[in-house]
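> The file below is entry05.cif, mmCIF, C-alpha atoms:
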```
data_target
#
loop_
_atom_site.label_atom_id
_atom_site.label_comp_id
_atom_site.auth_asym_id
_atom_site.auth_seq_id
_atom_site.Cartn_x
_atom_site.Cartn_y
_atom_site.Cartn_z
CA MET A 161 134.75 123.82 104.46
CA THR A 162 137.40 125.32 102.28
CA GLY A 163 137.66 124.19 98.68
CA PHE A 164 133.98 123.38 98.31
CA THR A 165 131.60 125.25 96.07
CA PRO A 166 128.40 126.62 97.63
CA ALA A 167 126.46 123.84 95.86
CA GLN A 168 128.78 121.20 97.33
CA VAL A 169 128.35 122.66 100.81
CA ARG A 170 124.58 122.20 100.48
CA ARG A 171 124.78 118.79 98.76
CA TYR A 172 127.09 117.21 101.34
CA SER A 173 125.95 119.10 104.46
CA ARG A 174 124.52 115.93 106.11
CA HIS A 175 127.90 114.23 105.76
CA VAL A 176 129.91 117.21 106.96
CA LEU A 177 127.83 117.24 110.16
CA LEU A 178 128.98 113.71 111.03
CA PRO A 179 131.76 113.66 113.63
CA ASP A 180 133.91 111.09 111.82
CA ILE A 181 133.58 112.72 108.41
CA GLY A 182 133.36 116.51 108.34
CA GLY A 183 134.86 118.48 105.48
CA VAL A 184 138.05 116.40 105.51
CA GLY A 185 136.13 113.14 105.09
CA GLN A 186 133.95 114.53 102.31
CA ALA A 187 137.07 115.74 100.49
CA ARG A 188 138.46 112.20 100.77
CA LEU A 189 135.27 110.85 99.19
CA LEU A 190 135.47 113.35 96.33
CA ALA A 191 139.09 112.37 95.70
CA ALA A 192 138.44 108.62 95.88
CA ALA A 193 138.34 106.07 93.07
CA VAL A 194 136.12 102.98 93.38
CA VAL A 195 135.64 100.08 91.02
CA ILE A 196 132.30 98.30 91.36
CA ASP A 197 131.50 94.86 90.01
CA ALA A 198 128.06 96.00 88.87
CA GLY A 199 126.67 92.76 87.47
CA GLY A 200 123.94 92.40 90.13
CA ALA A 201 121.06 94.41 91.57
CA ALA A 202 122.59 95.13 94.99
CA ALA A 203 125.89 96.31 93.52
CA ARG A 204 124.08 98.69 91.16
CA ILE A 205 122.19 100.15 94.11
CA ALA A 206 125.49 100.48 96.00
CA ALA A 207 126.84 102.32 92.98
CA ALA A 208 123.93 104.77 93.09
CA TYR A 209 124.55 105.49 96.78
CA LEU A 210 128.29 105.93 96.31
CA ALA A 211 127.72 108.31 93.42
CA ALA A 212 125.21 110.30 95.46
CA ALA A 213 127.64 110.36 98.41
CA GLY A 214 130.24 112.04 96.22
CA VAL A 215 132.78 109.31 95.46
CA GLY A 216 134.66 111.21 92.79
CA ARG A 217 135.54 108.50 90.28
CA ILE A 218 133.57 105.30 89.77
CA TRP A 219 134.51 102.52 87.37
CA LEU A 220 131.86 99.95 86.47
CA ASP A 221 133.19 96.45 85.96
CA GLY A 222 131.70 93.00 85.30
CA ASP A 223 129.39 91.56 82.65
CA LEU A 224 128.13 94.93 81.43
CA ALA A 225 128.24 94.59 77.64
CA ARG A 226 124.95 92.66 77.59
CA PRO A 227 121.75 94.59 76.85
CA VAL A 228 119.49 95.69 79.69
CA ASP A 229 116.66 93.19 79.86
CA GLY A 230 114.29 91.53 82.29
CA ALA A 231 115.09 92.08 85.96
CA ALA A 232 118.09 94.26 85.11
CA ALA A 233 115.73 97.06 84.03
CA ARG A 234 115.05 98.05 87.61
CA PHE A 235 116.37 100.82 89.81
CA PRO A 236 118.75 102.55 89.25
CA LEU A 237 118.01 101.63 85.63
CA ALA A 238 114.56 102.14 84.14
CA ALA A 239 112.24 100.62 81.57
CA GLY A 240 113.54 103.06 78.97
CA ASP A 241 117.01 101.50 79.24
CA ARG A 242 115.88 98.15 77.84
CA GLY A 243 118.07 97.08 74.95
CA ARG A 244 120.93 99.46 75.74
CA PRO A 245 124.29 98.07 76.85
CA LEU A 246 124.04 97.65 80.62
CA GLY A 247 127.29 99.45 81.46
CA GLU A 248 126.48 102.44 79.26
CA ALA A 249 122.94 102.71 80.65
CA LEU A 250 124.15 102.46 84.25
CA ALA A 251 126.85 105.09 83.71
CA ARG A 252 124.23 107.45 82.31
CA ALA A 253 121.84 106.78 85.21
CA LEU A 254 124.53 107.35 87.83
CA ALA A 255 125.74 110.54 86.20
CA GLY A 256 122.31 112.05 86.80
CA HIS A 257 122.75 111.64 90.54
CA ASN A 258 125.75 113.86 90.98
CA PRO A 259 127.69 116.17 88.63
CA ASP A 260 130.75 115.86 90.89
CA VAL A 261 131.23 112.20 89.95
CA ALA A 262 133.00 110.82 86.87
CA ILE A 263 131.66 107.45 85.75
CA ALA A 264 133.47 105.08 83.40
CA VAL A 265 133.03 101.51 82.21
CA GLY A 266 136.05 99.23 82.13
CA ALA A 267 139.40 98.70 83.77
CA ALA A 268 140.10 100.79 86.85
CA PRO A 269 143.41 102.37 87.82
CA ALA A 270 145.67 100.64 90.32
CA GLY A 271 144.93 101.57 93.89
CA ALA A 272 141.18 102.02 93.50
CA HIS A 273 138.89 100.76 96.22
CA ARG A 274 136.84 97.74 95.10
CA LEU A 275 133.25 96.79 95.84
CA ARG A 276 132.11 93.29 94.98
CA LEU A 277 129.05 91.52 96.40
CA ASP A 278 129.21 87.74 96.27
CA GLY A 279 126.02 86.02 95.15
CA ASP A 280 124.55 89.19 93.69
CA ALA A 281 122.16 88.77 90.73
CA ASP A 282 119.84 90.76 88.48
CA ASP A 283 116.70 89.21 89.95
CA ARG A 284 117.43 89.80 93.62
CA PRO A 285 114.32 91.22 95.36
CA LEU A 286 114.74 94.99 95.41
CA ALA A 287 114.17 95.21 99.19
CA ASP A 288 117.04 92.78 99.70
CA ALA A 289 119.14 94.63 97.11
CA PHE A 290 118.63 97.95 98.90
CA ALA A 291 119.51 96.42 102.28
CA HIS A 292 122.67 94.70 101.06
CA GLY A 293 123.73 97.36 98.57
CA GLY A 294 123.12 100.14 101.08
CA ALA A 295 125.04 98.30 103.80
CA ALA A 296 128.03 97.66 101.53
CA ALA A 297 128.07 101.24 100.27
CA ALA A 298 127.75 102.62 103.82
CA ALA A 299 130.71 100.58 105.05
CA LEU A 300 132.87 101.56 102.08
CA ALA A 301 131.92 105.24 102.20
CA HIS A 302 132.75 105.39 105.91
CA ALA A 303 136.06 103.61 105.37
CA ILE A 304 137.05 106.02 102.59
CA ALA A 305 135.93 109.12 104.50
CA THR A 306 137.89 108.14 107.59
CA GLY A 307 141.01 107.06 105.70
CA GLY A 308 140.38 103.36 106.29
CA ALA A 309 142.31 100.58 104.59
CA ARG A 310 141.32 99.16 101.19
CA MET B 180 90.98 97.91 101.82
CA ASP B 181 93.08 96.80 98.87
CA THR B 182 95.44 93.97 99.87
CA ARG B 183 97.90 95.08 97.17
CA ARG B 184 97.95 98.76 98.20
CA ILE B 185 100.55 100.06 100.61
CA THR B 186 100.84 103.65 101.82
CA VAL B 187 104.33 105.05 102.36
CA ILE B 188 104.64 108.17 104.50
CA GLY B 189 107.65 110.24 103.49
CA ALA B 190 109.30 110.30 100.07
CA GLY B 191 112.83 111.04 101.24
CA GLY B 192 115.85 108.98 102.25
CA LEU B 193 113.81 106.11 103.66
CA GLY B 194 110.57 106.54 101.72
CA GLY B 195 112.46 106.35 98.42
CA PRO B 196 113.94 102.85 98.77
CA ILE B 197 110.86 101.62 100.61
CA ALA B 198 108.45 102.73 97.87
CA LEU B 199 110.70 101.60 95.02
CA ALA B 200 111.09 98.14 96.55
CA LEU B 201 107.40 97.74 97.36
CA ALA B 202 106.32 98.76 93.86
CA ASP B 203 108.89 96.43 92.35
CA ALA B 204 107.36 93.59 94.37
CA GLY B 205 103.93 94.35 92.87
CA ALA B 206 102.34 96.67 95.41
CA ALA B 207 100.31 99.68 94.32
CA VAL B 208 101.94 102.44 96.34
CA THR B 209 100.50 105.67 97.68
CA VAL B 210 103.31 107.96 98.79
CA CYS B 211 102.74 111.20 100.66
CA ASP B 212 105.12 114.00 101.51
CA PRO B 213 104.49 117.77 101.64
CA ASP B 214 108.09 118.76 100.89
CA VAL B 215 110.03 119.58 97.73
CA VAL B 216 113.37 118.11 96.65
CA GLU B 217 116.34 120.12 97.91
CA LEU B 218 120.01 119.90 96.98
CA SER B 219 120.86 118.80 100.53
CA ASN B 220 118.65 115.71 99.99
CA LEU B 221 120.64 114.37 97.06
CA HIS B 222 123.58 112.84 98.94
CA ARG B 223 121.21 110.07 100.09
CA GLN B 224 117.87 110.29 98.25
CA VAL B 225 118.91 108.31 95.19
CA GLN B 226 115.40 108.17 93.75
CA PHE B 227 115.93 111.79 92.70
CA VAL B 228 118.35 113.36 90.24
CA ASP B 229 119.59 116.94 90.07
CA ALA B 230 116.80 117.85 87.66
CA ASP B 231 114.24 117.05 90.38
CA VAL B 232 115.40 119.88 92.70
CA GLY B 233 112.39 122.08 93.39
CA ALA B 234 109.83 119.42 92.44
CA GLY B 235 107.37 117.91 94.91
CA LYS B 236 108.95 114.85 96.52
CA ALA B 237 105.87 112.65 96.46
CA GLU B 238 105.13 113.35 92.82
CA ALA B 239 108.78 112.93 91.78
CA LEU B 240 109.02 109.60 93.59
CA ALA B 241 105.80 108.42 91.96
CA ARG B 242 107.30 109.33 88.58
CA ALA B 243 110.49 107.39 89.43
CA ILE B 244 108.38 104.33 90.24
CA ALA B 245 106.31 104.65 87.07
CA ALA B 246 109.52 104.85 85.01
CA ARG B 247 110.32 101.35 86.31
CA GLY B 248 106.88 100.02 85.39
CA GLY B 249 105.46 100.30 88.91
CA VAL B 250 102.12 101.66 90.09
CA ALA B 251 102.24 104.70 92.37
CA ARG B 252 100.40 107.89 93.19
CA GLY B 253 102.12 110.79 94.87
CA VAL B 254 100.25 113.10 97.22
CA ALA B 255 101.70 116.37 98.49
CA ALA B 256 100.33 116.03 102.01
CA ARG B 257 101.44 115.36 105.56
CA PHE B 258 100.09 112.27 107.33
CA GLU B 259 98.09 113.39 110.35
CA PRO B 260 94.75 112.41 111.89
CA ALA B 261 92.82 114.68 109.52
CA THR B 262 94.42 113.21 106.36
CA ALA B 263 94.99 109.62 107.49
CA ALA B 264 91.82 108.08 106.08
CA ALA B 265 92.30 109.68 102.65
CA LEU B 266 95.95 108.63 102.47
CA ALA B 267 95.80 105.17 104.01
CA GLY B 268 92.17 104.12 104.29
CA ASP B 269 92.51 101.68 101.40
CA ALA B 270 95.97 100.39 102.34
CA ALA B 271 96.66 96.90 103.61
CA VAL B 272 99.89 98.08 105.27
CA VAL B 273 101.15 101.54 106.25
CA VAL B 274 104.89 102.29 106.26
CA ASP B 275 106.43 105.36 107.84
CA GLY B 276 109.73 106.66 106.49
CA SER B 277 109.30 110.24 107.66
CA ASP B 278 111.83 112.16 109.74
CA ASP B 279 109.25 113.47 112.19
CA PRO B 280 108.58 111.71 115.53
CA ALA B 281 105.06 113.16 115.76
CA THR B 282 104.22 111.65 112.37
CA LYS B 283 105.56 108.26 113.46
CA PHE B 284 103.29 108.25 116.49
CA ALA B 285 100.35 109.42 114.35
CA VAL B 286 100.96 106.49 111.99
CA ALA B 287 101.23 104.00 114.84
CA ASP B 288 98.10 105.30 116.56
CA TRP B 289 96.03 105.37 113.37
CA ALA B 290 97.15 101.90 112.30
CA ARG B 291 96.37 100.43 115.72
CA ALA B 292 92.91 102.03 115.74
CA ALA B 293 92.24 100.88 112.16
CA GLY B 294 93.55 97.37 112.81
CA ARG B 295 96.24 97.62 110.13
CA PRO B 296 99.76 96.25 110.20
CA TYR B 297 102.42 98.92 109.96
CA VAL B 298 106.16 99.53 109.78
CA ILE B 299 108.01 102.54 111.16
CA ALA B 300 111.58 103.26 110.07
CA ALA B 301 114.14 105.82 111.22
CA ALA B 302 117.77 106.65 110.39
CA LEU B 303 120.20 109.16 111.85
CA ARG B 304 123.99 109.59 111.80
CA TYR B 305 125.35 106.01 111.64
CA GLY B 306 122.31 104.04 112.84
CA GLY B 307 118.62 103.41 112.53
CA ASN B 308 115.75 101.13 113.38
CA VAL B 309 112.71 99.43 111.88
CA PHE B 310 109.65 98.54 113.95
CA ALA B 311 106.92 96.19 112.67
CA GLY B 312 103.48 96.25 114.29
CA ALA B 313 100.20 94.42 113.83
CA PRO B 314 96.99 93.89 115.78
CA GLY B 315 97.50 91.57 118.72
CA HIS B 316 101.21 92.32 119.08
CA ALA B 317 103.32 94.85 120.96
CA CYS B 318 102.89 98.30 119.43
CA TYR B 319 105.15 101.32 118.84
CA ARG B 320 103.96 102.92 122.09
CA CYS B 321 104.79 99.74 124.01
CA LEU B 322 108.42 100.67 123.31
CA PHE B 323 108.62 104.43 122.95
CA GLU B 324 105.47 105.48 124.89
CA ASP B 325 105.31 109.13 123.75
CA ALA B 326 106.89 111.38 121.14
CA PRO B 327 109.82 113.37 122.53
CA ASP B 328 109.48 117.12 122.86
CA GLU B 329 112.65 117.52 120.85
CA ALA B 330 114.54 115.03 118.71
CA PRO B 331 117.64 115.34 116.54
CA SER B 332 117.16 115.27 112.79
CA CYS B 333 119.34 114.58 109.77
CA GLY B 334 119.33 118.33 109.18
CA ASP B 335 121.08 119.09 112.46
CA SER B 336 122.94 115.84 113.19
CA GLY B 337 123.74 114.40 109.77
CA VAL B 338 123.37 110.93 108.28
CA LEU B 339 125.71 108.72 106.31
CA GLY B 340 124.05 108.71 102.88
CA PRO B 341 124.01 104.98 101.96
CA LEU B 342 122.75 104.02 105.40
CA VAL B 343 119.20 104.95 104.40
CA GLY B 344 119.26 102.32 101.65
CA TRP B 345 120.12 99.69 104.23
CA ILE B 346 117.35 100.74 106.64
CA GLY B 347 114.84 101.30 103.83
CA GLY B 348 115.47 97.84 102.41
CA VAL B 349 114.91 96.22 105.81
CA ALA B 350 111.69 98.22 106.24
CA ALA B 351 110.39 97.26 102.80
CA ALA B 352 111.07 93.57 103.45
CA ALA B 353 109.17 93.78 106.75
CA ALA B 354 106.23 95.49 105.04
CA LEU B 355 106.09 92.85 102.31
CA ARG B 356 106.00 90.06 104.89
CA LEU B 357 103.11 91.79 106.67
CA ALA B 358 101.29 92.40 103.38
CA GLY B 359 101.61 88.69 102.61
CA GLY B 360 99.97 87.78 105.91
CA ASP B 361 103.15 86.77 107.72
CA ARG B 362 102.89 88.23 111.25
CA ALA B 363 105.93 86.43 112.67
CA GLY B 364 107.87 89.71 112.74
CA ALA B 365 105.10 91.80 114.32
CA GLY B 366 106.12 93.33 117.64
CA THR B 367 109.78 93.25 116.57
CA ILE B 368 112.29 96.06 116.21
CA TRP B 369 115.49 95.76 114.20
CA VAL B 370 118.10 98.15 115.58
CA LEU B 371 121.32 99.22 113.92
CA ASP B 372 122.92 101.06 116.84
CA ASP B 373 125.96 102.27 114.93
CA LEU B 374 127.46 100.68 111.84
CA ARG B 375 130.93 101.52 113.18
CA ARG B 376 130.36 99.14 116.08
CA GLY B 377 128.70 96.11 114.49
CA GLY B 378 125.60 94.82 112.75
CA PRO B 379 121.91 95.08 113.58
CA ARG B 380 120.10 93.50 116.52
CA GLU B 381 116.60 92.01 116.41
CA LEU B 382 114.50 92.56 119.53
CA ARG B 383 111.15 90.88 120.08
CA LEU B 384 108.92 92.97 122.34
CA ALA B 385 106.23 92.03 124.83
CA ARG B 386 103.25 94.28 125.31
CA ARG B 387 103.74 97.00 127.91
CA ALA B 388 101.33 96.89 130.82
CA GLY B 389 99.12 99.96 130.68
CA CYS B 390 99.70 100.62 126.97
CA ALA B 391 96.59 101.52 125.00
CA CYS B 392 97.06 98.50 122.75
CA ALA B 393 96.92 96.11 125.71
CA GLU B 394 93.87 97.84 127.15
CA ALA B 395 92.10 97.60 123.78
CA ALA B 396 92.79 93.86 123.44
#
```
Any chance you could put this one into structure tokens?

Amino acid sequence: MTGFTPAQVRRYSRHVLLPDIGGVGQARLLAAAVVIDAGGAAARIAAAYLAAAGVGRIWLDGDLARPVDGAAARFPLAAGDRGRPLGEALARALAGHNPDVAIAVGAAPAGAHRLRLDGDADDRPLADAFAHGGAAAAALAHAIATGGAR
Amino acid sequence: MDTRRITVIGAGGLGGPIALALADAGAAVTVCDPDVVELSNLHRQVQFVDADVGAGKAEALARAIAARGGVARGVAARFEPATAAALAGDAAVVVDGSDDPATKFAVADWARAAGRPYVIAAALRYGGNVFAGAPGHACYRCLFEDAPDEAPSCGDSGVLGPLVGWIGGVAAAAALRLAGGDRAGAGTIWVLDDLRRGGPRELRLARRAGCACAEAA
């Protein structure tokens, strides 16, 4: 694994062990840009997993100017985020997962991968949100790491 | 037994989403894990942040749940026959998200003996599975019989990070159905063989002749 810091070697070791990914695939993840329509619970969980996985640049899109309230104040957000603009609060929460990842709210650059989950909503049961958000993030992370199409 | 209390064994990649989802649905969660958060956990254990490295996993997960308004207690302990009653004696459902086959069999055996419904989840590389058990239905040993002498782990074989959210969410949903008295999924295993080759399968199991659960019925 050339080009990785010792901390990155430890952080991503479980990815590097995977036959399809290795150091090359993890480097692709770190170089990737993804825009996430983060207006619903499952997409926000997908965002947390993609940040943890080391997707290097994440843009948060969607109806994110509204304040965190009600069912939106759930993982990866927290009760202390109530009243803050949703996009700002989510960016702050995701940044805590991985210092390798840059998080921004707003328009993404051309060529970014996109993650959008139809029918997603704030009040989706969290078990369902983890299952669907995790599945979507897993598929996208694998596609990026293996050089798959957008 | 408290019908709202659920014990989650393991506070890592699977235990995190399981416990967060159960607490969000109103369960009072006991989570146990003897380990501390390591940097190598953070590519998939999204309940933790960098500042948690070095902290006890169970306690850190309980804090993450409390920060979302949930009810949880974290116990730095391994689930085994000697600790089972203290960790799960008051639980309506027991959920295993550990990475240790011996622990999974200990959970299944204790739950069967105690007459409790249970869920056992596992994830590795690009796949995973979730088994749901309850009295009167096929049990974990009806399928797997005995713990293997050696088994691969995430530490030596890897795991795609977001996959654990998928498996954990399926496990939490199964546990909530059992906690609500719905036994339709008992004796069922959901298997994601490999996400690169398609979606999950649902397999309904019959009891295995000679299994301890059939002999006890």
> Taking only residues of chain A that have an atom at most 8 Å from an atom of chain B, what is each one's shortest atom pair and its distance in Å to one decimal, using only C-alpha atoms, in chain and number order, as CSV?

```
residue,atom,partner,partner_atom,distance
A:Ala167,CA,B:Leu218,CA,7.6
A:Arg170,CA,B:Ser219,CA,5.0
A:Arg171,CA,B:Ser219,CA,4.3
A:Tyr172,CA,B:His222,CA,6.1
A:Ser173,CA,B:Ser219,CA,6.4
A:Arg174,CA,B:Gly337,CA,4.0
A:His175,CA,B:Gly337,CA,5.8
A:Val176,CA,B:Gly337,CA,7.3
A:Leu177,CA,B:Gly337,CA,5.0
A:Leu178,CA,B:Gly337,CA,5.4
A:Ala206,CA,B:Pro341,CA,7.6
A:Ala208,CA,B:Val225,CA,6.5
A:Tyr209,CA,B:Pro341,CA,5.2
A:Leu210,CA,B:Pro341,CA,7.2
A:Ala212,CA,B:His222,CA,4.6
A:Ala213,CA,B:His222,CA,4.8
A:Gly214,CA,B:His222,CA,7.2
A:Ala233,CA,B:Arg247,CA,7.3
A:Arg234,CA,B:Arg247,CA,5.9
A:Phe235,CA,B:Arg247,CA,7.0
A:Pro236,CA,B:Gln226,CA,7.9
A:Leu237,CA,B:Arg247,CA,7.7
A:Ala238,CA,B:Arg247,CA,4.8
A:Ala239,CA,B:Arg247,CA,5.2
A:Gly240,CA,B:Ala246,CA,7.5
A:Gly256,CA,B:Val228,CA,5.4
A:His257,CA,B:Val228,CA,4.7
A:Asn258,CA,B:Asp229,CA,6.9
A:Pro285,CA,B:Ala204,CA,7.4
A:Leu286,CA,B:Ala200,CA,5.0
A:Ala287,CA,B:Gly348,CA,4.4
A:Asp288,CA,B:Gly348,CA,6.0
A:Ala289,CA,B:Gly348,CA,7.2
A:Phe290,CA,B:Gly348,CA,4.7
A:Ala291,CA,B:Trp345,CA,3.9
A:His292,CA,B:Trp345,CA,6.4
A:Gly293,CA,B:Trp345,CA,7.1
A:Gly294,CA,B:Trp345,CA,4.4
A:Ala295,CA,B:Trp345,CA,5.1
A:Ala297,CA,B:Pro341,CA,5.8
A:Ala298,CA,B:Pro341,CA,4.8
A:Ala299,CA,B:Leu374,CA,7.5
A:Ala301,CA,B:Pro341,CA,7.9
A:His302,CA,B:Leu339,CA,7.8
```
> Quick one, how far is CA of Gly377 in chain B from CA of Val309 in chain B?
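For CA of Gly377 in chain B relative to CA of Val309 in chain B, the distance reads 16.5 Å.
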> Around (127.0, 94.8, 85.3) in the file's frame, which residues reach within 8 Å when counting only C-alpha atoms? Return as a ChimeraX atom specification?
/A:197-200,204,220-225,246-247
> Where does the PyMOL selection byres ((chain B and resi 310-325) around 10) land in this file, that is, which residues does it pick, as a PDB file with C-alpha atoms, in the coordinates of the input?

```pdb
ATOM      1  CA  VAL B 272      99.890  98.080 105.270  1.00  0.00           C
ATOM      2  CA  VAL B 273     101.150 101.540 106.250  1.00  0.00           C
ATOM      3  CA  VAL B 274     104.890 102.290 106.260  1.00  0.00           C
ATOM      4  CA  ASP B 275     106.430 105.360 107.840  1.00  0.00           C
ATOM      5  CA  PRO B 280     108.580 111.710 115.530  1.00  0.00           C
ATOM      6  CA  ALA B 281     105.060 113.160 115.760  1.00  0.00           C
ATOM      7  CA  LYS B 283     105.560 108.260 113.460  1.00  0.00           C
ATOM      8  CA  PHE B 284     103.290 108.250 116.490  1.00  0.00           C
ATOM      9  CA  VAL B 286     100.960 106.490 111.990  1.00  0.00           C
ATOM     10  CA  ALA B 287     101.230 104.000 114.840  1.00  0.00           C
ATOM     11  CA  ASP B 288      98.100 105.300 116.560  1.00  0.00           C
ATOM     12  CA  ALA B 290      97.150 101.900 112.300  1.00  0.00           C
ATOM     13  CA  ARG B 291      96.370 100.430 115.720  1.00  0.00           C
ATOM     14  CA  ALA B 292      92.910 102.030 115.740  1.00  0.00           C
ATOM     15  CA  ALA B 293      92.240 100.880 112.160  1.00  0.00           C
ATOM     16  CA  GLY B 294      93.550  97.370 112.810  1.00  0.00           C
ATOM     17  CA  ARG B 295      96.240  97.620 110.130  1.00  0.00           C
ATOM     18  CA  PRO B 296      99.760  96.250 110.200  1.00  0.00           C
ATOM     19  CA  TYR B 297     102.420  98.920 109.960  1.00  0.00           C
ATOM     20  CA  VAL B 298     106.160  99.530 109.780  1.00  0.00           C
ATOM     21  CA  ILE B 299     108.010 102.540 111.160  1.00  0.00           C
ATOM     22  CA  ALA B 300     111.580 103.260 110.070  1.00  0.00           C
ATOM     23  CA  ALA B 301     114.140 105.820 111.220  1.00  0.00           C
ATOM     24  CA  ASN B 308     115.750 101.130 113.380  1.00  0.00           C
ATOM     25  CA  VAL B 309     112.710  99.430 111.880  1.00  0.00           C
ATOM     26  CA  ALA B 326     106.890 111.380 121.140  1.00  0.00           C
ATOM     27  CA  PRO B 327     109.820 113.370 122.530  1.00  0.00           C
ATOM     28  CA  ASP B 328     109.480 117.120 122.860  1.00  0.00           C
ATOM     29  CA  VAL B 349     114.910  96.220 105.810  1.00  0.00           C
ATOM     30  CA  ALA B 350     111.690  98.220 106.240  1.00  0.00           C
ATOM     31  CA  ALA B 353     109.170  93.780 106.750  1.00  0.00           C
ATOM     32  CA  ALA B 354     106.230  95.490 105.040  1.00  0.00           C
ATOM     33  CA  ARG B 356     106.000  90.060 104.890  1.00  0.00           C
ATOM     34  CA  LEU B 357     103.110  91.790 106.670  1.00  0.00           C
ATOM     35  CA  ARG B 362     102.890  88.230 111.250  1.00  0.00           C
ATOM     36  CA  ALA B 363     105.930  86.430 112.670  1.00  0.00           C
ATOM     37  CA  GLY B 364     107.870  89.710 112.740  1.00  0.00           C
ATOM     38  CA  ALA B 365     105.100  91.800 114.320  1.00  0.00           C
ATOM     39  CA  GLY B 366     106.120  93.330 117.640  1.00  0.00           C
ATOM     40  CA  THR B 367     109.780  93.250 116.570  1.00  0.00           C
ATOM     41  CA  ILE B 368     112.290  96.060 116.210  1.00  0.00           C
ATOM     42  CA  TRP B 369     115.490  95.760 114.200  1.00  0.00           C
ATOM     43  CA  VAL B 370     118.100  98.150 115.580  1.00  0.00           C
ATOM     44  CA  GLU B 381     116.600  92.010 116.410  1.00  0.00           C
ATOM     45  CA  LEU B 382     114.500  92.560 119.530  1.00  0.00           C
ATOM     46  CA  ARG B 383     111.150  90.880 120.080  1.00  0.00           C
ATOM     47  CA  LEU B 384     108.920  92.970 122.340  1.00  0.00           C
ATOM     48  CA  ALA B 385     106.230  92.030 124.830  1.00  0.00           C
ATOM     49  CA  ARG B 386     103.250  94.280 125.310  1.00  0.00           C
ATOM     50  CA  ARG B 387     103.740  97.000 127.910  1.00  0.00           C
ATOM     51  CA  ALA B 388     101.330  96.890 130.820  1.00  0.00           C
ATOM     52  CA  GLY B 389      99.120  99.960 130.680  1.00  0.00           C
ATOM     53  CA  CYS B 390      99.700 100.620 126.970  1.00  0.00           C
ATOM     54  CA  ALA B 391      96.590 101.520 125.000  1.00  0.00           C
ATOM     55  CA  CYS B 392      97.060  98.500 122.750  1.00  0.00           C
ATOM     56  CA  ALA B 393      96.920  96.110 125.710  1.00  0.00           C
ATOM     57  CA  ALA B 395      92.100  97.600 123.780  1.00  0.00           C
ATOM     58  CA  ALA B 396      92.790  93.860 123.440  1.00  0.00           C
TER      59      ALA B 396
END
```
> Would you please work out which residue, of A:Val184, A:Ala191, A:Ile196, A:Val169, is nearest to His273 in chain A when using all atoms listed in the file?
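Of A:Val184, A:Ala191, A:Ile196, A:Val169, the one nearest His273 in chain A, counting all atoms listed in the file, is A:Ile196.
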> Around (111.5, 120.9, 94.3), as given in the file, which residues come within 6 Å? Count all atoms listed in the file and list them as number ranges by chain.
B: 215-216, 232-235
> If you apply the PyMOL selection byres ((chain A and resi 308) around 12) to this file, what residues do you get, as a list in words?
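Given this file, the PyMOL selection byres ((chain A and resi 308) around 12) evaluates to Asp180, Ile181, Gly185, Arg188, Leu189, Ala192, His273, Ala299, Leu300, Ala301, His302, Ala303, Ile304, Ala305, Thr306, Gly307, Ala309 and Arg310 of chain A; Arg375 of chain B.
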> By how many Å are CA of Ala281 in chain A and CA of Pro245 in chain A apart?
16.8 Å
